[in-house]
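Text of query.txt, listed as compact mmCIF, C-alpha atoms:
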# COMPACT_ATOMS: atom_id res chain seq x y z
CA MET A 1 -36.84 34.57 -8.58
CA VAL A 2 -33.75 33.74 -6.49
CA LYS A 3 -33.31 30.08 -5.55
CA ASN A 4 -31.69 29.35 -2.19
CA ILE A 5 -29.43 26.32 -2.52
CA PHE A 6 -27.81 24.86 0.59
CA VAL A 7 -24.53 23.05 -0.08
CA PHE A 8 -23.83 20.45 2.59
CA GLY A 9 -20.06 20.07 3.02
CA ALA A 10 -19.15 23.06 0.87
CA ASP A 11 -15.58 23.74 -0.24
CA ALA A 12 -14.11 26.59 -2.28
CA PHE A 13 -13.03 24.47 -5.29
CA ASN A 14 -16.48 23.02 -5.97
CA LEU A 15 -18.38 26.19 -5.09
CA ALA A 16 -16.34 28.04 -7.70
CA GLN A 17 -17.28 25.45 -10.33
CA MET A 18 -20.97 25.74 -9.44
CA ARG A 19 -20.94 29.53 -9.58
CA ALA A 20 -19.37 29.34 -13.04
CA LEU A 21 -22.35 27.39 -14.43
CA PRO A 22 -24.77 29.26 -16.72
CA GLY A 23 -27.94 30.50 -15.06
CA THR A 24 -26.56 30.54 -11.53
CA ARG A 25 -26.98 34.31 -11.22
CA ASP A 26 -30.45 33.41 -9.98
CA TYR A 27 -29.01 31.02 -7.36
CA ARG A 28 -27.86 31.98 -3.90
CA PHE A 29 -25.51 29.34 -2.49
CA HIS A 30 -25.40 28.84 1.29
CA GLU A 31 -22.80 26.74 3.11
CA LEU A 32 -24.52 24.14 5.29
CA PHE A 33 -21.27 23.23 7.06
CA THR A 34 -17.94 23.29 5.28
CA HIS A 35 -16.15 20.14 4.27
CA ALA A 36 -13.63 20.72 7.07
CA GLU A 37 -16.48 20.81 9.61
CA VAL A 38 -17.97 17.61 8.20
CA LYS A 39 -14.70 15.70 8.56
CA ALA A 40 -13.65 17.21 11.90
CA GLY A 41 -12.38 15.04 14.73
CA PRO A 42 -11.36 11.39 15.03
CA ALA A 43 -15.04 10.36 14.76
CA ILE A 44 -17.27 12.01 12.17
CA PRO A 45 -19.78 14.18 14.12
CA VAL A 46 -22.83 12.93 12.26
CA GLN A 47 -25.39 13.44 15.04
CA ARG A 48 -24.35 17.09 15.47
CA LEU A 49 -24.39 17.59 11.69
CA HIS A 50 -27.89 16.14 11.50
CA GLU A 51 -29.43 17.98 14.43
CA GLU A 52 -27.65 21.30 13.98
CA GLY A 53 -28.17 21.13 10.23
CA LEU A 54 -31.94 20.88 10.72
CA GLN A 55 -31.82 23.72 13.24
CA ARG A 56 -29.99 25.98 10.78
CA LEU A 57 -32.41 25.14 7.99
CA HIS A 58 -35.52 25.70 10.12
CA ALA A 59 -34.08 29.05 11.29
CA PHE A 60 -33.60 30.27 7.71
CA THR A 61 -36.18 32.94 6.90
CA GLY A 62 -36.23 32.57 3.11
CA SER A 63 -37.30 29.71 0.86
CA ILE A 64 -35.28 26.49 0.93
CA ASP A 65 -35.23 25.38 -2.70
CA ALA A 66 -32.57 22.65 -2.69
CA ILE A 67 -30.10 20.88 -0.39
CA VAL A 68 -27.22 19.31 -2.32
CA GLY A 69 -23.88 17.65 -1.71
CA TYR A 70 -21.13 15.93 -3.66
CA TRP A 71 -19.12 14.17 -0.94
CA ASP A 72 -19.26 10.59 0.30
CA PHE A 73 -20.40 9.65 3.79
CA PRO A 74 -21.71 11.36 5.83
CA VAL A 75 -22.86 13.98 3.30
CA SER A 76 -24.52 11.66 0.79
CA THR A 77 -26.11 9.57 3.57
CA LEU A 78 -27.54 12.52 5.48
CA LEU A 79 -29.06 14.36 2.52
CA PRO A 80 -32.43 12.49 2.45
CA LEU A 81 -32.90 13.09 6.18
CA LEU A 82 -32.20 16.81 5.78
CA ARG A 83 -34.48 17.17 2.73
CA GLU A 84 -37.48 15.23 3.99
CA PRO A 85 -38.82 17.85 6.49
CA PHE A 86 -38.88 20.45 3.69
CA GLY A 87 -40.54 18.27 1.04
CA LEU A 88 -37.56 18.53 -1.32
CA PRO A 89 -36.88 16.06 -4.15
CA SER A 90 -34.66 13.21 -3.00
CA PRO A 91 -34.09 9.49 -3.20
CA SER A 92 -35.64 7.73 -0.21
CA PHE A 93 -33.35 7.00 2.73
CA GLU A 94 -33.91 3.25 2.36
CA ALA A 95 -33.08 3.27 -1.38
CA LEU A 96 -29.92 5.20 -0.59
CA LEU A 97 -28.87 2.69 2.10
CA LYS A 98 -29.37 -0.14 -0.39
CA CYS A 99 -26.45 1.40 -2.24
CA GLU A 100 -24.28 2.70 0.60
CA HIS A 101 -24.47 -0.23 3.06
CA LYS A 102 -22.08 -2.56 1.24
CA TYR A 103 -23.63 -5.77 2.57
CA TRP A 104 -27.26 -4.69 2.00
CA SER A 105 -26.28 -3.54 -1.49
CA ARG A 106 -24.89 -6.98 -2.34
CA LEU A 107 -28.03 -8.67 -1.02
CA GLU A 108 -30.18 -6.50 -3.30
CA GLN A 109 -27.87 -7.04 -6.27
CA GLN A 110 -28.02 -10.78 -5.66
CA GLN A 111 -31.79 -10.67 -6.26
CA VAL A 112 -31.66 -9.14 -9.75
CA ILE A 113 -28.14 -9.41 -11.22
CA PRO A 114 -26.57 -12.39 -9.38
CA ASP A 115 -24.24 -13.30 -12.27
CA TYR A 116 -22.47 -9.94 -12.09
CA ILE A 117 -21.34 -9.84 -8.47
CA PRO A 118 -18.67 -11.80 -6.56
CA ALA A 119 -19.26 -14.25 -3.72
CA PHE A 120 -19.59 -12.35 -0.44
CA CYS A 121 -20.37 -12.73 3.25
CA ALA A 122 -20.66 -10.57 6.38
CA VAL A 123 -17.87 -10.61 8.96
CA ASP A 124 -17.77 -9.48 12.58
CA PRO A 125 -14.13 -8.34 13.01
CA PHE A 126 -14.53 -8.46 16.81
CA ALA A 127 -15.62 -12.10 16.93
CA ASP A 128 -13.34 -14.58 18.69
CA ASP A 129 -12.57 -16.31 15.40
CA PRO A 130 -13.68 -14.16 12.43
CA ARG A 131 -12.17 -16.64 9.94
CA ARG A 132 -14.87 -19.16 10.81
CA GLN A 133 -17.52 -16.72 9.53
CA ILE A 134 -15.85 -16.28 6.15
CA THR A 135 -17.25 -18.64 3.53
CA LEU A 136 -14.73 -17.62 0.86
CA ASP A 137 -11.38 -19.18 0.02
CA TYR A 138 -8.27 -17.01 -0.24
CA PRO A 139 -7.70 -14.58 -1.84
CA PHE A 140 -10.51 -12.15 -1.00
CA TRP A 141 -11.05 -8.51 -0.06
CA ILE A 142 -12.26 -7.46 3.38
CA LYS A 143 -13.57 -3.97 4.15
CA PRO A 144 -16.05 -2.25 6.48
CA VAL A 145 -19.68 -2.16 5.35
CA LYS A 146 -19.30 1.64 5.46
CA ALA A 147 -16.15 3.57 4.58
CA ALA A 148 -14.87 5.86 1.83
CA SER A 149 -11.90 6.06 -0.55
CA SER A 150 -10.97 2.38 0.04
CA HIS A 151 -10.30 3.20 3.70
CA LEU A 152 -9.52 -0.02 5.63
CA ALA A 153 -9.95 -2.20 2.53
CA PHE A 154 -7.45 -5.06 2.39
CA ARG A 155 -6.71 -7.84 -0.04
CA VAL A 156 -6.20 -11.00 2.03
CA ASP A 157 -4.16 -13.92 0.65
CA ASN A 158 -3.58 -16.01 3.78
CA ASP A 159 -4.18 -16.26 7.52
CA GLN A 160 -1.33 -13.93 8.36
CA ALA A 161 -2.65 -11.22 6.03
CA LEU A 162 -6.13 -11.65 7.51
CA ALA A 163 -4.80 -11.19 11.05
CA HIS A 164 -3.01 -8.00 9.98
CA ALA A 165 -6.12 -6.66 8.24
CA LEU A 166 -8.37 -7.39 11.21
CA GLU A 167 -5.96 -5.66 13.58
CA ARG A 168 -6.05 -2.50 11.44
CA ILE A 169 -9.83 -2.68 11.00
CA ARG A 170 -10.51 -3.11 14.74
CA ALA A 171 -8.41 -0.04 15.47
CA GLY A 172 -9.99 2.20 12.82
CA ILE A 173 -13.54 1.02 12.06
CA PHE A 174 -15.14 3.32 14.64
CA ARG A 175 -14.41 6.48 12.59
CA PHE A 176 -17.13 5.50 10.10
CA GLY A 177 -18.89 2.73 12.02
CA GLU A 178 -20.15 4.77 14.98
CA PRO A 179 -21.74 7.59 12.93
CA PHE A 180 -23.14 5.08 10.44
CA ASN A 181 -24.90 3.25 13.25
CA TYR A 182 -26.53 6.51 14.32
CA LEU A 183 -28.03 6.87 10.85
CA LEU A 184 -29.12 3.23 10.58
CA ASP A 185 -31.54 3.89 13.44
CA PHE A 186 -33.60 6.09 11.07
CA ALA A 187 -34.30 3.21 8.67
CA VAL A 188 -36.45 0.09 8.77
CA LEU A 189 -33.92 -2.66 8.10
CA PRO A 190 -34.53 -6.28 7.12
CA ASP A 191 -33.40 -8.71 9.82
CA ALA A 192 -30.45 -9.88 7.71
CA VAL A 193 -29.20 -6.30 7.42
CA ALA A 194 -30.03 -5.15 10.97
CA ALA A 195 -27.60 -7.78 12.29
CA VAL A 196 -24.75 -6.28 10.21
CA ASP A 197 -24.15 -2.78 11.57
CA GLY A 198 -21.35 -0.28 11.00
CA TYR A 199 -18.93 -2.29 13.14
CA HIS A 200 -19.09 -5.16 10.64
CA CYS A 201 -17.22 -5.93 7.45
CA ILE A 202 -17.94 -7.60 4.16
CA ALA A 203 -15.64 -10.15 2.58
CA GLU A 204 -15.81 -10.40 -1.22
CA GLY A 205 -14.18 -12.47 -3.90
CA VAL A 206 -11.42 -10.74 -5.84
CA ILE A 207 -12.72 -9.09 -9.03
CA SER A 208 -9.92 -6.61 -9.68
CA ARG A 209 -8.87 -8.26 -12.95
CA GLY A 210 -9.75 -6.20 -15.98
CA ARG A 211 -10.58 -2.59 -16.76
CA GLN A 212 -12.53 -0.47 -14.30
CA CYS A 213 -15.15 1.99 -15.49
CA THR A 214 -17.62 4.28 -13.70
CA LEU A 215 -20.96 5.29 -15.19
CA GLU A 216 -22.32 8.68 -14.13
CA GLY A 217 -26.09 8.89 -14.20
CA TYR A 218 -29.29 9.94 -12.50
CA VAL A 219 -32.89 8.89 -12.01
CA PHE A 220 -35.61 11.47 -12.66
CA GLN A 221 -39.26 10.52 -12.11
CA GLY A 222 -38.43 6.85 -12.42
CA GLU A 223 -36.35 7.16 -15.60
CA VAL A 224 -32.70 6.02 -15.37
CA ASN A 225 -30.27 8.06 -17.51
CA ILE A 226 -26.55 7.57 -18.12
CA TYR A 227 -24.65 10.61 -19.43
CA GLY A 228 -20.97 9.63 -19.15
CA ALA A 229 -18.48 6.82 -18.59
CA VAL A 230 -15.10 7.43 -16.92
CA ASP A 231 -12.17 4.99 -16.81
CA SER A 232 -10.53 4.37 -13.43
CA ILE A 233 -6.87 3.45 -13.84
CA ARG A 234 -5.19 1.69 -10.92
CA GLU A 235 -1.58 1.13 -9.92
CA GLY A 236 0.55 -0.13 -7.05
CA ARG A 237 0.36 -3.26 -4.93
CA HIS A 238 -2.65 -5.41 -5.88
CA ARG A 239 -3.61 -2.57 -8.30
CA SER A 240 -5.53 -1.22 -5.31
CA SER A 241 -4.70 2.50 -5.63
CA PHE A 242 -6.21 4.86 -8.20
CA SER A 243 -3.67 6.62 -10.39
CA ARG A 244 -6.11 8.56 -12.59
CA TYR A 245 -9.72 8.96 -13.71
CA GLN A 246 -9.91 9.54 -17.47
CA TYR A 247 -12.87 10.74 -19.54
CA PRO A 248 -14.31 9.67 -21.89
CA SER A 249 -13.94 5.95 -21.32
CA ARG A 250 -11.98 3.95 -23.89
CA ILE A 251 -13.97 0.79 -23.16
CA PRO A 252 -15.99 -0.36 -26.23
CA GLN A 253 -19.51 1.05 -26.59
CA ARG A 254 -21.10 -2.41 -26.58
CA ILE A 255 -19.66 -2.99 -23.10
CA GLN A 256 -20.80 0.43 -21.90
CA HIS A 257 -24.32 -0.40 -23.13
CA ARG A 258 -24.28 -3.65 -21.13
CA MET A 259 -23.20 -1.73 -18.03
CA ALA A 260 -26.02 0.75 -18.58
CA GLU A 261 -28.63 -2.03 -18.85
CA LEU A 262 -27.44 -3.67 -15.62
CA THR A 263 -27.57 -0.27 -13.94
CA ARG A 264 -31.18 0.27 -15.02
CA TYR A 265 -32.17 -3.14 -13.64
CA PHE A 266 -30.62 -2.46 -10.25
CA MET A 267 -31.60 1.18 -9.71
CA THR A 268 -35.19 0.40 -10.72
CA HIS A 269 -35.25 -2.67 -8.44
CA ILE A 270 -34.30 -0.69 -5.31
CA GLY A 271 -36.65 2.21 -6.11
CA PHE A 272 -33.92 4.85 -6.33
CA ASP A 273 -35.45 8.04 -7.77
CA ASN A 274 -34.85 11.78 -8.18
CA GLY A 275 -31.12 11.74 -7.50
CA PRO A 276 -27.70 11.35 -9.12
CA PHE A 277 -25.51 8.29 -8.76
CA ASN A 278 -22.39 6.68 -10.11
CA ILE A 279 -21.79 2.97 -10.41
CA GLU A 280 -18.46 1.18 -10.80
CA TYR A 281 -17.81 -1.91 -12.93
CA TYR A 282 -14.91 -4.13 -13.92
CA TRP A 283 -14.76 -5.54 -17.43
CA ASP A 284 -12.68 -8.72 -17.66
CA GLU A 285 -11.60 -8.21 -21.25
CA GLN A 286 -10.15 -11.71 -21.69
CA ARG A 287 -13.35 -13.50 -20.70
CA ASP A 288 -15.76 -10.67 -21.68
CA VAL A 289 -17.29 -10.72 -18.20
CA LEU A 290 -18.70 -7.76 -16.24
CA TRP A 291 -18.57 -7.34 -12.47
CA LEU A 292 -20.38 -4.68 -10.46
CA LEU A 293 -18.10 -3.18 -7.84
CA GLU A 294 -20.22 -0.60 -5.96
CA VAL A 295 -22.84 2.15 -6.24
CA ASN A 296 -22.41 5.73 -4.95
CA THR A 297 -25.43 7.97 -4.36
CA ARG A 298 -23.95 11.26 -5.56
CA ILE A 299 -22.11 12.79 -8.48
CA SER A 300 -18.37 12.23 -8.36
CA LYS A 301 -16.75 15.55 -7.50
CA SER A 302 -13.56 14.11 -9.00
CA HIS A 303 -15.24 13.91 -12.40
CA CYS A 304 -16.64 17.47 -12.40
CA PRO A 305 -13.63 19.16 -14.08
CA LEU A 306 -13.41 16.25 -16.55
CA PHE A 307 -16.97 16.79 -17.80
CA ARG A 308 -16.33 20.54 -17.95
CA ASP A 309 -13.19 20.06 -20.05
CA VAL A 310 -14.72 17.55 -22.50
CA ASP A 311 -18.47 18.24 -22.54
CA GLY A 312 -18.46 21.94 -21.69
CA LEU A 313 -20.15 21.84 -18.25
CA SER A 314 -19.31 20.44 -14.86
CA HIS A 315 -21.89 17.85 -13.90
CA HIS A 316 -22.60 19.86 -10.79
CA GLN A 317 -25.32 21.00 -13.22
CA VAL A 318 -26.99 17.56 -13.00
CA MET A 319 -26.88 17.66 -9.18
CA LEU A 320 -28.39 21.16 -9.06
CA ASP A 321 -31.15 20.42 -11.57
CA LEU A 322 -32.20 17.30 -9.65
CA GLY A 323 -32.04 19.14 -6.33
CA LEU A 324 -34.43 21.73 -7.73
CA GLY A 325 -36.79 19.08 -9.10
CA ARG A 326 -35.87 19.66 -12.75
CA ARG A 327 -35.02 17.21 -15.52
CA PRO A 328 -31.27 17.68 -16.18
CA GLU A 329 -30.10 18.88 -19.56
CA PHE A 330 -26.44 18.13 -20.13
CA PRO A 331 -24.26 18.92 -23.17
CA ARG A 332 -21.97 16.50 -24.97
CA ARG A 333 -18.49 17.10 -26.39
CA GLN A 334 -18.67 20.89 -26.29
CA GLY A 335 -15.56 21.41 -24.16
CA ALA A 336 -12.03 22.54 -25.02
CA TRP A 337 -10.41 19.08 -24.86
CA ARG A 338 -11.07 15.67 -26.39
CA CYS A 339 -10.07 13.93 -23.16
CA ALA A 340 -9.33 14.92 -19.57
CA ALA A 341 -8.12 13.29 -16.36
CA LYS A 342 -7.78 13.64 -12.65
CA PHE A 343 -4.34 12.32 -11.68
CA MET A 344 -3.74 11.10 -8.12
CA TRP A 345 -0.07 11.59 -7.30
CA ARG A 346 0.83 8.80 -4.89
CA VAL A 347 3.76 7.72 -2.74
CA TYR A 348 4.01 4.13 -1.54
CA GLU A 349 6.01 4.51 1.66
CA ASP A 350 5.95 6.93 4.56
CA ALA A 351 8.13 10.03 4.26
CA MET A 352 8.78 13.45 5.75
CA VAL A 353 7.72 16.44 3.65
CA ASN A 354 10.68 18.81 3.38
CA ARG A 355 9.44 21.18 0.68
CA ILE A 356 6.37 21.96 -1.38
CA PRO A 357 6.05 24.50 -4.20
CA SER A 358 4.96 28.00 -3.26
CA ALA A 359 1.67 29.49 -4.41
CA ALA A 360 3.61 31.52 -7.00
CA GLU A 361 5.34 28.39 -8.30
CA ILE A 362 2.02 26.56 -8.59
CA GLU A 363 0.49 29.50 -10.45
CA ALA A 364 3.46 29.52 -12.85
CA VAL A 365 2.81 25.84 -13.64
CA ARG A 366 -0.90 26.55 -14.23
CA THR A 367 0.05 29.39 -16.58
CA ARG A 368 2.41 27.09 -18.49
CA PHE A 369 -0.29 24.42 -18.78
CA PRO A 370 -3.61 26.26 -19.28
CA GLY A 371 -6.71 24.63 -17.83
CA THR A 372 -4.74 22.74 -15.17
CA GLU A 373 -5.87 22.59 -11.54
CA ILE A 374 -3.45 21.53 -8.77
CA GLN A 375 -4.39 20.57 -5.21
CA LEU A 376 -1.65 19.66 -2.72
CA HIS A 377 -2.55 17.59 0.35
CA ILE A 378 0.75 17.99 2.19
CA GLN A 379 2.63 20.63 4.17
CA PRO A 380 6.32 20.99 5.07
CA GLY A 381 7.20 19.21 8.31
CA MET A 382 4.43 16.61 8.18
CA ARG A 383 4.75 12.88 7.69
CA LEU A 384 2.66 11.23 5.00
CA SER A 385 1.23 8.84 7.59
CA GLU A 386 -0.55 11.87 9.12
CA LEU A 387 -2.83 12.11 6.06
CA ARG A 388 -6.40 11.01 6.84
CA ASP A 389 -8.69 8.51 5.11
CA GLN A 390 -6.05 7.08 2.78
CA ASP A 391 -6.28 3.70 1.12
CA SER A 392 -4.42 0.81 2.75
CA TYR A 393 -1.37 0.81 0.47
CA SER A 394 -0.43 4.38 -0.52
CA TYR A 395 -0.49 8.09 0.33
CA GLU A 396 -2.17 10.57 -2.03
CA ILE A 397 -0.02 13.70 -1.87
CA ALA A 398 -1.70 15.75 -4.61
CA VAL A 399 -4.32 15.73 -7.35
CA ILE A 400 -3.87 17.30 -10.76
CA PHE A 401 -6.68 17.97 -13.25
CA THR A 402 -5.73 18.58 -16.87
CA GLY A 403 -6.92 17.96 -20.43
CA GLY A 404 -5.48 17.01 -23.80
CA GLN A 405 -6.40 16.25 -27.39
CA SER A 406 -5.23 12.64 -27.01
CA GLN A 407 -4.29 10.22 -24.25
CA LYS A 408 -0.63 10.53 -25.26
CA GLU A 409 -0.73 14.31 -24.85
CA LEU A 410 -2.58 13.94 -21.54
CA LEU A 411 0.05 11.62 -20.02
CA GLU A 412 2.94 13.72 -21.29
CA LYS A 413 1.42 16.85 -19.73
CA TYR A 414 1.04 15.10 -16.39
CA ARG A 415 4.69 14.00 -16.31
CA ALA A 416 5.81 17.52 -17.24
CA ILE A 417 3.63 19.02 -14.48
CA GLN A 418 5.08 16.61 -11.91
CA GLN A 419 8.60 17.61 -12.88
CA ALA A 420 7.74 21.31 -12.71
CA LEU A 421 6.33 21.00 -9.18
CA ARG A 422 9.38 20.83 -6.95
CA LEU A 423 8.43 18.49 -4.10
CA GLU A 424 11.03 17.22 -1.66
CA LEU A 425 10.25 14.09 0.41
CA GLU A 426 12.66 12.35 2.73
Output the structure of this file as structure tokens.
Amino acid sequence: MVKNIFVFGADAFNLAQMRALPGTRDYRFHELFTHAEVKAGPAIPVQRLHEEGLQRLHAFTGSIDAIVGYWDFPVSTLLPLLREPFGLPSPSFEALLKCEHKYWSRLEQQQVIPDYIPAFCAVDPFADDPRRQITLDYPFWIKPVKAASSHLAFRVDNDQALAHALERIRAGIFRFGEPFNYLLDFAVLPDAVAAVDGYHCIAEGVISRGRQCTLEGYVFQGEVNIYGAVDSIREGRHRSSFSRYQYPSRIPQRIQHRMAELTRYFMTHIGFDNGPFNIEYYWDEQRDVLWLLEVNTRISKSHCPLFRDVDGLSHHQVMLDLGLGRRPEFPRRQGAWRCAAKFMWRVYEDAMVNRIPSAAEIEAVRTRFPGTEIQLHIQPGMRLSELRDQDSYSYEIAVIFTGGQSQKELLEKYRAIQQALRLELE
């Protein structure tokens, strides 16, 4: 029997990976808004996506068997509200917010794993004197309680840096803050959280020392499962920009087991169930200390090709199984490569794009390096500062997925691919 699966925020790259999964001949994928529609406009149109999304679903004449998504806000946040009227498997909206609202998440973590999180406090960036609200000494990080891809996240070392960060935050926080506030109205919030809406920030102690690792997992009928660990390698000023995600993690197994135990404590505590997640940690190797960075309530789309290359399947499979109410079954180490990475090609100052490689040139590079995927974010004639939702210190101009039989081979392939792609920036 055909299963109708609605993909909220669909894009061609991820749809192609899903259609390549075994057994999907019995699936009919429907686009419930494209990713371009989801991110349209200076403010994310979350109310229209919610209301029109429900209208489209109610108007569908066939069965609605799953509603899935693999993007950050607003896709991940809206999914429980879209699923609930149709009785589909999903984490509760409140459990999801306990991960996605950065301040609420820290409050919940403080209850069960207080030794693994930094000092933190809420900040109103529009207050007359925000510094008086901050209970932390310099240095610290300040960021909105809701954003994505490190958007408007700043490391603050002194009063001058704080003033600069607050100026940028005040100008840009509405893009995520306004739509997030719309969604908060659908939840019953504790008083301490209700006072900290999408126009607020969280300040946190600096925990960026050490090695960063992300666990990919899911909860099915109350059972927390971890199926992969991916290293997140950073570069640039304050090591604040991701340079690559590499799978499998090279962090020792004993540390990965500790991360998994902490994850089980937290996800069980908040009642998260019947959904995928990924959770980010830092391991301070010198002091053998773990810090929990944040929790995301979705699979990482960035990791999908990595799991395919190493384990033999994209973990879109996990998302689809959970969406259909099934226990996921995921292979291990059945792929073509022993390791794989997503490389984020970054530039650290603004520039004009004079030339990008043609489609034929890109295809020639992919032929030379089999299994490689290349996605350019830039066009001739644009300035890098026109790119949306970038981190605070760099511009991501392209992403490159590739695999290798060793880390050495992986890094050498990436450098060769960069050289073969003739980009001209001024």
Residues at most 12 Å from A:Asp185, counting all atoms listed in the file, excluding those fewer than 3 positions away in the same chain, as a list in words?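 Answer for this query is Gln47, Leu81, Phe93, Glu94, Leu97, Glu178, Pro179, Phe180, Asn181, Tyr182, Val188, Leu189, Ala194, Asp197 and Gly198 of chain A.
Atom CA of A:Leu78 is positioned 23.1 Å from atom CA of A:Thr214.
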Tell me which protein, DNA and RNA residues are within 12 Å of stretch 407-409 of chain A, counting only C-alpha atoms, leaving out same-chain ones fewer than 2 positions away, and put them as an MDAnalysis selection string. chainID A and resid 244:250 337:341 369 402:405 411:416
Polymer residues at most 9 Å from stretch 112-118 of chain A, all atoms listed in the file, same-chain spacing of 5 or more positions, as a list in words: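 Near stretch 112-118 of chain A, the qualifying residues are Arg106, Glu204, Gly205, Val206, Ile207, Leu262, Tyr265, Phe266, His269, Val289, Leu290, Trp291, Leu292 and Leu293 of chain A.
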Quick one: residues within 6 Å of stretch 303-312 of chain A, all atoms listed in the file counted, chain neighbours fewer than 2 positions away excluded, as a PyMOL selection string? chain A and resi 300-301+314-315+331-340
I'd like to know which of A:Ile67, A:Leu57, A:Ile173, A:Leu136 is closest to A:His151, using all atoms listed in the file.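 Going through A:Ile67, A:Leu57, A:Ile173, A:Leu136 one by one, the smallest distance to A:His151 is for A:Ile173.
Taking atom CA of A:Leu410 and atom CA of A:Gly371 as the two end points, the separation is 12.0 Å.
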Stretch 14-25 of chain A: axis-aligned bounding box, 8 Å on each side, centre and edge lengths in Å, one decimal, as AutoDock Vina command-line options:
--center_x -22.1 --center_y 28.7 --center_z -10.9 --size_x 27.6 --size_y 27.3 --size_z 27.6
Find the distance between atom CA of A:Val2 and atom CA of A:Ser92 and write it in Å to one decimal.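 We find that atom CA of A:Val2 and atom CA of A:Ser92 lie 26.8 Å from each other.
With all atoms listed in the file as the basis for measurement, A:Ala153 is the residue among A:Val353, A:Ile299, A:Ala153, A:Ile279 that approaches A:Ser392 most closely.
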Mind checking which residues fall within 12 Å of A:Tyr199, counting only C-alpha atoms, ignoring those fewer than 6 positions away in the same chain, and posting them as a count of residues only? 28
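Distances to A:Pro370 were evaluated for A:Leu162, A:Thr61, A:Ile417, A:Ile202 using only C-alpha atoms, and the minimum falls at A:Ile417.
Distances from A:Ile378, A:Ile255, A:Val399, A:Leu54 to A:Ser302 were compared using all atoms listed in the file, and the smallest one belongs to A:Val399.
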Of the listed residues A:Phe8, A:Arg287, A:Arg366, A:Gln111, that which approaches A:Glu37 most closely, counting all atoms listed in the file: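 With all atoms listed in the file as the atom set, the closest residue is A:Phe8.
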Using only C-alpha atoms, which of A:Val75, A:Ala351, A:Leu96, A:Ala203 sits nearest A:Phe140?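 For A:Phe140, the nearest of the given residues is A:Ala203.
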Have stretch 369-383 of chain A completed to N, CA and C atoms, please, and pass it along as a PDB file, keeping the file's coordinate frame.
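Wrote it out as rebuild-v3.pdb, contents follow:
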ATOM      1  N   PHE A 369       0.623  25.463 -18.297  1.00  0.00           N
ATOM      2  CA  PHE A 369      -0.290  24.420 -18.780  1.00  0.00           C
ATOM      3  C   PHE A 369      -1.728  24.896 -18.554  1.00  0.00           C
ATOM      4  N   PRO A 370      -2.280  25.674 -19.477  1.00  0.00           N
ATOM      5  CA  PRO A 370      -3.610  26.260 -19.280  1.00  0.00           C
ATOM      6  C   PRO A 370      -4.684  25.188 -19.018  1.00  0.00           C
ATOM      7  N   GLY A 371      -5.623  25.554 -18.150  1.00  0.00           N
ATOM      8  CA  GLY A 371      -6.710  24.630 -17.830  1.00  0.00           C
ATOM      9  C   GLY A 371      -6.379  23.613 -16.768  1.00  0.00           C
ATOM     10  N   THR A 372      -5.178  23.710 -16.191  1.00  0.00           N
ATOM     11  CA  THR A 372      -4.740  22.740 -15.170  1.00  0.00           C
ATOM     12  C   THR A 372      -5.110  23.232 -13.774  1.00  0.00           C
ATOM     13  N   GLU A 373      -5.596  22.310 -12.948  1.00  0.00           N
ATOM     14  CA  GLU A 373      -5.870  22.590 -11.540  1.00  0.00           C
ATOM     15  C   GLU A 373      -4.969  21.696 -10.688  1.00  0.00           C
ATOM     16  N   ILE A 374      -4.387  22.263  -9.625  1.00  0.00           N
ATOM     17  CA  ILE A 374      -3.450  21.530  -8.770  1.00  0.00           C
ATOM     18  C   ILE A 374      -3.881  21.681  -7.321  1.00  0.00           C
ATOM     19  N   GLN A 375      -4.023  20.560  -6.625  1.00  0.00           N
ATOM     20  CA  GLN A 375      -4.390  20.570  -5.210  1.00  0.00           C
ATOM     21  C   GLN A 375      -3.375  19.719  -4.439  1.00  0.00           C
ATOM     22  N   LEU A 376      -2.611  20.371  -3.560  1.00  0.00           N
ATOM     23  CA  LEU A 376      -1.650  19.660  -2.720  1.00  0.00           C
ATOM     24  C   LEU A 376      -2.301  19.269  -1.396  1.00  0.00           C
ATOM     25  N   HIS A 377      -2.010  18.073  -0.919  1.00  0.00           N
ATOM     26  CA  HIS A 377      -2.550  17.590   0.350  1.00  0.00           C
ATOM     27  C   HIS A 377      -1.533  17.643   1.488  1.00  0.00           C
ATOM     28  N   ILE A 378      -0.338  18.098   1.212  1.00  0.00           N
ATOM     29  CA  ILE A 378       0.750  17.990   2.190  1.00  0.00           C
ATOM     30  C   ILE A 378       1.298  19.367   2.534  1.00  0.00           C
ATOM     31  N   GLN A 379       1.986  19.416   3.692  1.00  0.00           N
ATOM     32  CA  GLN A 379       2.630  20.630   4.170  1.00  0.00           C
ATOM     33  C   GLN A 379       4.035  20.299   4.639  1.00  0.00           C
ATOM     34  N   PRO A 380       4.974  21.244   4.563  1.00  0.00           N
ATOM     35  CA  PRO A 380       6.320  20.990   5.070  1.00  0.00           C
ATOM     36  C   PRO A 380       6.287  20.611   6.551  1.00  0.00           C
ATOM     37  N   GLY A 381       7.097  19.628   6.917  1.00  0.00           N
ATOM     38  CA  GLY A 381       7.200  19.210   8.310  1.00  0.00           C
ATOM     39  C   GLY A 381       6.265  18.085   8.708  1.00  0.00           C
ATOM     40  N   MET A 382       5.343  17.693   7.832  1.00  0.00           N
ATOM     41  CA  MET A 382       4.430  16.610   8.180  1.00  0.00           C
ATOM     42  C   MET A 382       4.942  15.282   7.622  1.00  0.00           C
ATOM     43  N   ARG A 383       4.496  14.206   8.236  1.00  0.00           N
ATOM     44  CA  ARG A 383       4.750  12.880   7.690  1.00  0.00           C
ATOM     45  C   ARG A 383       3.534  12.445   6.889  1.00  0.00           C
TER      46      ARG A 383
END
